[in-house]
$ cat structure-v8.cif   # mmCIF, C-alpha atoms and all ligand atoms
data_my_file
#
loop_
_atom_site.label_atom_id
_atom_site.label_comp_id
_atom_site.auth_asym_id
_atom_site.auth_seq_id
_atom_site.Cartn_x
_atom_site.Cartn_y
_atom_site.Cartn_z
CA MET X 1 0.00 0.00 0.00
CA ASN X 2 2.75 2.44 1.00
CA GLU X 3 4.46 2.45 -2.39
CA HIS X 4 1.24 3.85 -3.89
CA GLU X 5 0.50 6.42 -1.19
CA SER X 6 1.96 9.43 -3.03
CA GLU X 7 0.03 8.41 -6.15
CA PHE X 8 -3.20 8.32 -4.10
CA VAL X 9 -2.50 11.82 -2.80
CA GLU X 10 -1.83 13.08 -6.37
CA THR X 11 -5.26 11.73 -7.35
CA PHE X 12 -6.77 13.57 -4.40
CA LYS X 13 -5.02 16.82 -5.36
CA HIS X 14 -6.44 16.63 -8.88
CA LEU X 15 -9.97 16.06 -7.58
CA HIS X 16 -9.64 18.77 -4.93
CA ARG X 17 -8.50 21.34 -7.50
CA ASN X 18 -11.38 20.50 -9.84
CA PRO X 19 -14.67 20.24 -7.91
CA GLU X 20 -17.93 19.89 -9.82
CA LEU X 21 -21.45 20.41 -8.52
CA SER X 22 -24.17 17.78 -8.14
CA PHE X 23 -25.17 16.08 -11.41
CA GLN X 24 -22.52 18.15 -13.25
CA GLU X 25 -19.63 15.79 -12.45
CA TYR X 26 -18.71 15.15 -16.11
CA GLU X 27 -14.94 15.64 -15.84
CA THR X 28 -14.81 13.74 -12.55
CA THR X 29 -16.73 10.89 -14.21
CA ALA X 30 -14.29 10.80 -17.14
CA PHE X 31 -11.33 10.89 -14.72
CA ILE X 32 -12.68 7.94 -12.69
CA LYS X 33 -13.46 5.88 -15.82
CA ASN X 34 -9.97 6.43 -17.15
CA TYR X 35 -8.43 5.49 -13.80
CA LEU X 36 -10.45 2.26 -13.52
CA GLN X 37 -9.76 1.27 -17.12
CA LYS X 38 -6.02 1.56 -16.49
CA LEU X 39 -6.52 -0.94 -13.66
CA ASP X 40 -8.33 -3.24 -16.10
CA ILE X 41 -11.60 -2.80 -14.20
CA GLU X 42 -14.67 -3.13 -16.43
CA ILE X 43 -16.97 -0.09 -16.70
CA LEU X 44 -20.60 -1.22 -16.60
CA ASP X 45 -22.90 0.82 -18.83
CA VAL X 46 -26.02 1.24 -16.72
CA GLY X 47 -27.04 4.52 -18.39
CA LEU X 48 -25.64 7.06 -15.93
CA GLU X 49 -25.16 10.65 -17.12
CA THR X 50 -22.63 11.27 -14.32
CA GLY X 51 -21.22 8.70 -11.89
CA VAL X 52 -19.49 5.41 -12.64
CA VAL X 53 -20.15 1.73 -11.96
CA GLY X 54 -17.07 -0.51 -12.25
CA LEU X 55 -16.78 -4.27 -11.91
CA LEU X 56 -13.68 -6.19 -10.87
CA LYS X 57 -13.98 -9.93 -11.30
CA GLY X 58 -11.83 -11.91 -8.91
CA ALA X 59 -10.16 -15.26 -9.47
CA GLY X 60 -13.06 -17.46 -8.41
CA ASP X 61 -16.81 -17.58 -7.96
CA GLY X 62 -18.24 -15.92 -4.90
CA PRO X 63 -20.32 -13.00 -3.67
CA CYS X 64 -20.26 -9.53 -5.21
CA ILE X 65 -19.35 -6.78 -2.72
CA ALA X 66 -20.23 -3.16 -3.54
CA LEU X 67 -18.12 -0.19 -2.43
CA ARG X 68 -19.64 3.26 -2.70
CA ALA X 69 -18.09 6.75 -2.76
CA ASP X 70 -19.80 10.06 -3.56
CA ILE X 71 -18.07 12.45 -5.99
CA ASP X 72 -19.76 15.88 -5.95
CA GLY X 73 -18.59 19.25 -4.57
CA LEU X 74 -20.44 22.28 -3.18
CA PRO X 75 -21.18 25.88 -4.31
CA ILE X 76 -18.75 27.32 -1.73
CA GLN X 77 -15.70 29.57 -2.24
CA GLU X 78 -12.69 27.85 -0.65
CA GLU X 79 -10.97 29.72 2.20
CA SER X 80 -8.94 26.83 3.64
CA THR X 81 -5.18 26.64 4.20
CA CYS X 82 -4.96 23.78 1.67
CA GLU X 83 -1.78 24.06 -0.45
CA PHE X 84 -3.61 22.97 -3.61
CA PRO X 85 -6.96 24.80 -3.37
CA SER X 86 -9.90 24.63 -5.72
CA GLN X 87 -9.17 26.22 -9.08
CA ARG X 88 -12.85 26.73 -9.76
CA PRO X 89 -14.26 29.98 -8.31
CA GLY X 90 -17.28 29.41 -6.08
CA LYS X 91 -16.90 25.63 -6.05
CA MET X 92 -15.22 23.50 -3.42
CA HIS X 93 -14.98 19.96 -2.11
CA ALA X 94 -16.11 21.33 1.26
CA CYS X 95 -17.64 18.02 2.39
CA GLY X 96 -14.56 16.00 1.49
CA HIS X 97 -16.15 13.85 -1.22
CA ASP X 98 -12.76 14.14 -2.97
CA THR X 99 -11.33 12.15 -0.04
CA HIS X 100 -14.02 9.50 -0.60
CA THR X 101 -13.45 9.33 -4.37
CA SER X 102 -9.67 9.12 -4.06
CA SER X 103 -10.01 6.55 -1.26
CA LEU X 104 -12.19 4.34 -3.45
CA LEU X 105 -9.76 4.72 -6.36
CA ALA X 106 -6.99 3.73 -3.92
CA GLY X 107 -9.11 0.76 -2.86
CA ALA X 108 -9.57 -0.19 -6.52
CA THR X 109 -5.78 -0.05 -7.01
CA ILE X 110 -5.20 -2.33 -4.03
CA LEU X 111 -7.95 -4.77 -5.07
CA ALA X 112 -6.78 -4.88 -8.70
CA ALA X 113 -3.29 -5.81 -7.46
CA LEU X 114 -4.81 -8.58 -5.32
CA ARG X 115 -7.29 -9.75 -7.97
CA SER X 116 -6.04 -13.35 -7.87
CA GLU X 117 -6.94 -13.57 -4.17
CA ILE X 118 -10.54 -12.37 -4.54
CA LYS X 119 -13.06 -15.23 -4.49
CA GLY X 120 -15.94 -13.22 -5.86
CA SER X 121 -16.28 -9.80 -7.43
CA VAL X 122 -16.25 -6.12 -6.48
CA LYS X 123 -18.63 -3.46 -7.75
CA PHE X 124 -17.40 0.13 -7.49
CA LEU X 125 -20.17 2.71 -7.15
CA PHE X 126 -19.00 6.30 -7.75
CA GLN X 127 -22.16 8.20 -6.97
CA PRO X 128 -23.08 11.73 -8.13
CA ALA X 129 -25.22 14.32 -6.34
CA GLU X 130 -25.07 13.25 -2.69
CA GLU X 131 -25.22 16.89 -1.61
CA ILE X 132 -28.74 17.32 -2.99
CA ASN X 133 -29.93 13.95 -1.64
CA LEU X 134 -30.73 12.65 -5.12
CA GLY X 135 -27.64 10.72 -6.24
CA ALA X 136 -28.23 7.43 -4.42
CA LYS X 137 -31.85 7.35 -5.64
CA TYR X 138 -30.51 7.97 -9.16
CA MET X 139 -28.08 5.06 -8.81
CA MET X 140 -30.80 2.77 -7.41
CA ASN X 141 -33.12 3.74 -10.28
CA HIS X 142 -30.37 2.39 -12.56
CA ASN X 143 -30.39 -0.94 -10.65
CA VAL X 144 -26.76 -0.70 -9.60
CA LEU X 145 -27.16 -3.45 -6.99
CA GLU X 146 -28.19 -5.96 -9.73
CA ASN X 147 -26.24 -7.71 -12.53
CA PRO X 148 -24.35 -9.04 -10.77
CA ARG X 149 -26.46 -8.97 -7.64
CA VAL X 150 -24.67 -7.40 -4.66
CA SER X 151 -24.45 -9.37 -1.37
CA ALA X 152 -23.16 -6.54 0.83
CA ILE X 153 -22.40 -2.84 0.41
CA PHE X 154 -19.88 -0.63 2.22
CA GLY X 155 -19.45 3.14 2.21
CA LEU X 156 -17.66 5.81 4.20
CA HIS X 157 -17.71 9.50 5.01
CA ASN X 158 -14.84 11.53 6.36
CA ALA X 159 -15.18 12.85 9.91
CA PRO X 160 -13.36 16.06 10.90
CA TRP X 161 -13.96 15.33 14.61
CA ILE X 162 -12.15 11.96 14.49
CA PRO X 163 -8.32 11.98 14.45
CA CYS X 164 -6.71 10.75 11.25
CA GLY X 165 -5.67 7.15 11.89
CA SER X 166 -9.00 6.18 13.47
CA VAL X 167 -12.13 4.88 11.75
CA CYS X 168 -15.53 4.60 13.43
CA VAL X 169 -17.04 1.11 13.29
CA LYS X 170 -20.49 1.17 14.84
CA SER X 171 -23.36 -1.29 14.67
CA GLY X 172 -26.90 0.11 14.41
CA PRO X 173 -27.91 3.74 13.74
CA LEU X 174 -24.99 5.94 12.63
CA MET X 175 -26.65 8.86 10.84
CA ALA X 176 -30.19 10.17 11.23
CA ALA X 177 -33.29 10.14 9.07
CA VAL X 178 -33.70 13.60 7.50
CA ASP X 179 -37.17 15.08 6.97
CA ARG X 180 -38.06 18.45 5.46
CA ILE X 181 -40.96 20.35 7.05
CA ILE X 182 -42.86 23.16 5.31
CA PHE X 183 -45.56 25.10 7.19
CA THR X 184 -48.21 27.31 5.57
CA ILE X 185 -50.30 29.42 7.94
CA ARG X 186 -53.03 31.44 6.25
CA GLY X 187 -54.91 34.29 7.92
CA LYS X 188 -56.38 37.51 6.61
CA GLY X 189 -54.08 40.47 6.10
CA GLY X 190 -54.81 44.15 6.55
CA HIS X 191 -53.65 47.33 8.26
CA GLY X 192 -51.38 46.50 11.18
CA GLY X 193 -52.57 49.58 13.08
CA ILE X 194 -56.22 48.52 12.81
CA PRO X 195 -55.98 44.82 13.71
CA GLN X 196 -59.59 44.06 14.62
CA GLY X 197 -60.61 43.14 11.09
CA ASN X 198 -57.54 40.98 10.40
CA VAL X 199 -56.65 37.39 11.20
CA ASP X 200 -52.95 37.58 12.04
CA PRO X 201 -51.00 34.50 10.86
CA ILE X 202 -47.76 35.77 12.48
CA VAL X 203 -49.15 35.38 16.01
CA ALA X 204 -50.32 31.86 15.12
CA ALA X 205 -46.89 31.07 13.65
CA ALA X 206 -45.17 32.27 16.85
CA ALA X 207 -47.38 29.96 18.92
CA ILE X 208 -46.60 27.05 16.57
CA ILE X 209 -42.83 27.71 16.86
CA GLN X 210 -43.11 27.62 20.67
CA ALA X 211 -45.32 24.53 20.78
CA ALA X 212 -43.08 22.63 18.35
CA GLN X 213 -40.30 22.78 20.97
CA THR X 214 -42.41 20.62 23.31
CA ILE X 215 -42.28 17.63 20.95
CA VAL X 216 -38.66 16.86 21.84
CA SER X 217 -39.03 17.84 25.53
CA ARG X 218 -42.46 16.27 26.22
CA ASN X 219 -43.26 13.61 23.59
CA VAL X 220 -39.93 11.95 22.70
CA SER X 221 -38.79 9.36 25.24
CA PRO X 222 -35.77 10.53 27.29
CA THR X 223 -33.86 7.52 25.95
CA ASP X 224 -34.58 8.35 22.30
CA ALA X 225 -33.34 11.29 20.27
CA ALA X 226 -34.90 13.77 17.87
CA VAL X 227 -34.24 17.25 16.49
CA VAL X 228 -37.02 19.64 15.41
CA SER X 229 -35.57 22.87 13.98
CA ILE X 230 -37.51 25.65 12.27
CA CYS X 231 -34.79 27.51 10.38
CA ASN X 232 -36.58 29.84 8.00
CA VAL X 233 -39.63 32.07 8.67
CA LYS X 234 -41.09 34.19 5.91
CA ALA X 235 -43.84 36.79 6.42
CA GLY X 236 -44.53 40.25 5.08
CA GLU X 237 -42.83 42.23 2.32
CA GLY X 238 -39.50 44.05 2.56
CA THR X 239 -39.28 46.22 5.66
CA THR X 240 -42.96 47.12 5.95
CA ASN X 241 -43.93 47.63 9.57
CA ASN X 242 -47.66 48.22 9.51
CA VAL X 243 -49.10 45.56 7.20
CA THR X 244 -50.33 42.24 8.54
CA PRO X 245 -49.69 39.65 5.78
CA ASP X 246 -52.13 37.01 4.60
CA GLU X 247 -49.69 34.16 5.03
CA VAL X 248 -46.63 32.89 6.88
CA LYS X 249 -44.35 30.19 5.43
CA MET X 250 -41.85 28.36 7.61
CA TYR X 251 -39.24 25.75 6.69
CA GLY X 252 -37.33 23.40 8.91
CA THR X 253 -35.75 20.00 9.46
CA VAL X 254 -36.47 16.96 11.63
CA ARG X 255 -33.85 14.31 12.54
CA THR X 256 -34.66 10.94 14.11
CA TYR X 257 -33.18 7.44 14.39
CA LYS X 258 -36.31 5.33 14.87
CA LYS X 259 -39.33 4.96 12.62
CA GLU X 260 -41.77 5.16 15.55
CA VAL X 261 -40.20 8.43 16.74
CA GLN X 262 -40.29 9.82 13.20
CA ASP X 263 -44.00 8.88 12.82
CA MET X 264 -44.79 10.47 16.19
CA VAL X 265 -42.99 13.75 15.32
CA ASP X 266 -44.85 13.87 11.99
CA GLN X 267 -48.21 13.37 13.75
CA ARG X 268 -47.56 15.86 16.59
CA LEU X 269 -46.25 18.59 14.27
CA THR X 270 -49.29 18.16 12.04
CA GLU X 271 -51.67 18.40 15.02
CA ILE X 272 -49.86 21.43 16.45
CA THR X 273 -49.91 23.21 13.09
CA GLN X 274 -53.58 22.54 12.35
CA ARG X 275 -55.04 23.04 15.81
CA ILE X 276 -53.04 26.08 16.92
CA SER X 277 -53.78 27.71 13.58
CA ALA X 278 -57.48 26.97 14.07
CA ALA X 279 -57.39 28.37 17.63
CA TYR X 280 -56.06 31.65 16.19
CA GLY X 281 -58.64 31.70 13.38
CA CYS X 282 -56.11 30.68 10.73
CA GLU X 283 -55.73 27.70 8.47
CA GLY X 284 -52.47 25.81 8.96
CA THR X 285 -51.03 22.97 6.89
CA LEU X 286 -47.80 21.03 7.25
CA GLN X 287 -45.96 19.26 4.46
CA TYR X 288 -43.81 16.55 6.05
CA LEU X 289 -41.34 15.23 3.46
CA ARG X 290 -39.24 12.18 4.37
CA GLU X 291 -36.06 12.81 2.39
CA LEU X 292 -33.44 10.44 3.81
CA ALA X 293 -33.81 7.29 5.85
CA VAL X 294 -31.56 6.49 8.80
CA ILE X 295 -28.19 4.83 8.13
CA ASP X 296 -28.63 1.72 10.22
CA ASN X 297 -25.46 -0.37 10.07
CA ASN X 298 -26.36 -4.03 9.72
CA PRO X 299 -25.08 -5.99 12.76
CA CYS X 300 -24.45 -9.02 10.50
CA LEU X 301 -21.55 -7.09 8.90
CA TYR X 302 -20.07 -5.72 12.13
CA ASP X 303 -17.43 -8.43 12.58
CA ALA X 304 -16.28 -8.09 8.97
CA ALA X 305 -16.18 -4.28 9.26
CA PHE X 306 -14.24 -4.40 12.51
CA ALA X 307 -11.72 -6.87 11.06
CA ALA X 308 -11.32 -4.74 7.91
CA VAL X 309 -10.66 -1.53 9.82
CA SER X 310 -8.38 -3.23 12.35
CA ALA X 311 -6.05 -4.18 9.49
CA VAL X 312 -5.42 -0.54 8.49
CA ALA X 313 -6.44 1.82 11.31
CA THR X 314 -7.64 2.12 14.90
CA PRO X 315 -11.33 1.19 15.15
CA VAL X 316 -13.38 3.48 17.41
CA ASP X 317 -17.04 3.38 18.48
CA LEU X 318 -18.67 6.81 18.79
CA VAL X 319 -22.12 8.33 19.31
CA PRO X 320 -24.24 8.69 16.14
CA SER X 321 -24.56 11.98 14.26
CA THR X 322 -27.83 13.80 13.52
CA GLY X 323 -26.38 14.58 10.11
CA GLY X 324 -27.83 12.60 7.20
CA GLU X 325 -26.32 10.81 4.20
CA ASP X 326 -28.05 9.27 1.20
CA PHE X 327 -26.15 5.98 1.54
CA SER X 328 -29.38 5.06 3.36
CA GLU X 329 -31.07 4.67 -0.06
CA TYR X 330 -29.01 1.54 -0.75
CA LEU X 331 -30.03 0.14 2.64
CA LYS X 332 -33.72 0.35 1.68
CA SER X 333 -33.04 -2.68 -0.53
CA ASP X 334 -32.58 -6.07 1.12
CA VAL X 335 -28.79 -5.83 0.66
CA PRO X 336 -27.03 -5.51 4.05
CA GLY X 337 -24.81 -2.47 4.36
CA PHE X 338 -22.24 -0.84 6.61
CA PHE X 339 -21.03 2.74 6.73
CA TYR X 340 -17.79 4.02 8.30
CA TRP X 341 -16.57 7.39 9.46
CA LEU X 342 -13.01 7.99 8.29
CA GLY X 343 -11.00 10.21 10.65
CA VAL X 344 -9.43 13.22 8.85
CA ARG X 345 -8.73 15.49 11.83
CA ASN X 346 -5.25 16.92 12.30
CA GLU X 347 -4.96 20.02 14.47
CA GLU X 348 -1.36 20.77 13.43
CA GLN X 349 -2.43 20.87 9.78
CA ASP X 350 -5.57 22.96 10.44
CA CYS X 351 -7.82 20.02 9.55
CA VAL X 352 -10.43 20.84 12.21
CA TYR X 353 -13.33 22.55 10.44
CA SER X 354 -16.77 21.06 9.98
CA TRP X 355 -18.33 19.82 6.75
CA HIS X 356 -19.47 22.63 4.41
CA SER X 357 -17.18 25.20 6.08
CA PRO X 358 -15.15 27.22 3.51
CA LYS X 359 -12.14 26.37 5.73
CA TYR X 360 -12.83 22.60 5.67
CA LYS X 361 -9.63 20.59 5.17
CA ALA X 362 -8.76 16.89 5.46
CA ASP X 363 -5.51 15.16 6.40
CA THR X 364 -4.38 13.46 3.18
CA ARG X 365 -2.99 10.48 5.11
CA ALA X 366 -6.63 9.41 5.43
CA ILE X 367 -6.78 8.48 1.74
CA ALA X 368 -4.56 5.40 2.05
CA ILE X 369 -6.49 4.43 5.20
CA GLY X 370 -9.80 4.89 3.38
CA GLY X 371 -8.51 2.85 0.45
CA GLY X 372 -7.34 0.12 2.80
CA THR X 373 -10.68 0.15 4.63
CA TYR X 374 -12.58 -0.29 1.36
CA ALA X 375 -10.26 -3.05 0.12
CA MET X 376 -10.15 -4.99 3.39
CA SER X 377 -13.95 -4.78 3.68
CA VAL X 378 -14.20 -6.84 0.49
CA PHE X 379 -11.99 -9.64 1.80
CA ALA X 380 -13.60 -9.63 5.27
CA ALA X 381 -17.15 -9.65 3.86
CA ILE X 382 -16.46 -12.46 1.37
CA LYS X 383 -14.90 -14.51 4.15
CA GLN X 384 -17.85 -13.88 6.47
CA LEU X 385 -20.50 -14.58 3.80
CA LYS X 386 -18.81 -17.86 2.87
CA ASN X 387 -18.73 -19.01 6.49
CA LYS X 388 -22.44 -18.40 6.96
NI NI Y 1 -20.77 14.68 2.49
#

$ encode --input "structure-v8.cif" --output "structure tokens"
Amino acid sequence: MNEHESEFVETFKHLHRNPELSFQEYETTAFIKNYLQKLDIEILDVGLETGVVGLLKGAGDGPCIALRADIDGLPIQEESTCEFPSQRPGKMHACGHDTHTSSLLAGATILAALRSEIKGSVKFLFQPAEEINLGAKYMMNHNVLENPRVSAIFGLHNAPWIPCGSVCVKSGPLMAAVDRIIFTIRGKGGHGGIPQGNVDPIVAAAAIIQAAQTIVSRNVSPTDAAVVSICNVKAGEGTTNNVTPDEVKMYGTVRTYKKEVQDMVDQRLTEITQRISAAYGCEGTLQYLRELAVIDNNPCLYDAAFAAVSAVATPVDLVPSTGGEDFSEYLKSDVPGFFYWLGVRNEEQDCVYSWHSPKYKADTRAIAIGGGTYAMSVFAAIKQLKNK
């Protein structure tokens, strides 16, 4: 692995300098295809506009293991201390998907070199558009877990709070379900100085904002977790100060780990919106959109995952994140899956900032570790599936 490490970092530098936005990853797609072809890995034509599916056939029959990395960047102007910053104004790999892509290309390099030892096959899923929560659905709509059928899938995301050299291996929920909430509260607008003829939707909205806070404090069990955040409130025009508007719109996000908690939050928010609105003479509706399911790591793959990580890094077990990731789309199939957090933190190198920060930076030593994690997951999973 070590002899290739500088090559892996060069790959990362190229990707970091050339970020592309969701569903616009044409050059990244061409770069990945070229890289895989040089390794004699077959490119499967499943009809993707951006993104790549590669297939490496091993030396014998056996299960097909899928490895997934996302490839898109963000509309953010880079302000990090990286020595090879983005060359594209207003675009940046600020979530570190360049680390994931270069890690999976490193994994492909390792697996191609060990092809004769693989008793099965490996499917490489380079996924577009994770940032807009649509890429995994797009891949699944192109049946990427079929032909050949996948027996287990692994993925990873970098973690700026975990030191480089450690990888989180956790059974069960790792990242939360992500729901979008959109409130519409309709009243009757009019002169703000002569309120008696109006029905003020702003007062109703304020009561709904307050009451929504009681869902987490009063309805969710103390041993479960949920987040209800209203992050955007729109009412009135410009800076007018004496016009009561007809309508208030509010937008927010809900995060949960359990289906029953998610269903309860949906029901309570709907009741609060409708009934408080009615009490204030308004009409209130809630759109509750379930965008991402929870990433629930399958316990049947835990031993394989732990063994894989132990071969290349220090495995750690940490509390889940209320962030979301569309790897969960693959887990909606009946294929078992496991998702890792790859440590990229390095305080001496200024690699401390959170995802989507313009100062976000990853320790490049994580790429070889990510590549090793991907590659070893294949061997560990094949071994475990065969012993079943
Ligand atoms: Ni990300």

$ closest_residue --input "structure-v8.cif" --among "X:Asn147, X:Asn387, X:Asn219, X:Ser357" --to "ligand NI 1 (chain Y)" --atoms "all atoms listed in the file"
X:Ser357

$ residues_near_ligand --input "structure-v8.cif" --ligand "ligand NI 1 (chain Y)" --cutoff "9 Å" --atoms "all atoms listed in the file" --output "short mmCIF file (atom, residue, chain, number, x, y, z; two decimals) with C-alpha atoms, keeping the file's coordinate frame"
data_model
loop_
_atom_site.label_atom_id
_atom_site.label_comp_id
_atom_site.auth_asym_id
_atom_site.auth_seq_id
_atom_site.Cartn_x
_atom_site.Cartn_y
_atom_site.Cartn_z
CA ASP X 70 -19.80 10.06 -3.56
CA ASP X 72 -19.76 15.88 -5.95
CA GLY X 73 -18.59 19.25 -4.57
CA ALA X 94 -16.11 21.33 1.26
CA CYS X 95 -17.64 18.02 2.39
CA GLY X 96 -14.56 16.00 1.49
CA HIS X 97 -16.15 13.85 -1.22
CA GLU X 130 -25.07 13.25 -2.69
CA GLU X 131 -25.22 16.89 -1.61
CA HIS X 157 -17.71 9.50 5.01
CA ASN X 158 -14.84 11.53 6.36
CA GLY X 324 -27.83 12.60 7.20
CA GLU X 325 -26.32 10.81 4.20
CA TRP X 355 -18.33 19.82 6.75
CA HIS X 356 -19.47 22.63 4.41
#

$ residues_around --input "structure-v8.cif" --residues "segment 289-299 of chain X" --least-positions-apart "2" --cutoff "10 Å" --atoms "only C-alpha atoms" --output "MDAnalysis selection string"
chainID X and resid 133:134 152 154 169:182 253:259 262 266 286:287 301:305 320 322:332 335:340

$ axis_aligned_box --input "structure-v8.cif" --around "segment 145-156 of chain X" --padding-each-side "6 Å" --output "JSON"
{"center_x": -22.9, "center_y": -1.8, "center_z": -4.2, "size_x": 22.5, "size_y": 27.2, "size_z": 28.7}

$ closest_residue --input "structure-v8.cif" --among "X:Ile367, X:Cys64, X:Ile230, X:Ile272" --to "Lys386 of chain X" --atoms "only C-alpha atoms"
X:Cys64

$ residues_around --input "structure-v8.cif" --residues "Ile162 of chain X" --least-positions-apart "3" --cutoff "6 Å" --atoms "all atoms listed in the file" --output "list in words"
Ala159, Gly343 and Arg345 of chain X

$ atom_distance --input "structure-v8.cif" --atom1 "atom CA of Phe126 of chain X" --atom2 "atom CA of Thr314 of chain X"
25.7 Å

$ atom_distance --input "structure-v8.cif" --atom1 "atom CA of Ser102 of chain X" --atom2 "atom CA of Leu114 of chain X"
18.4 Å
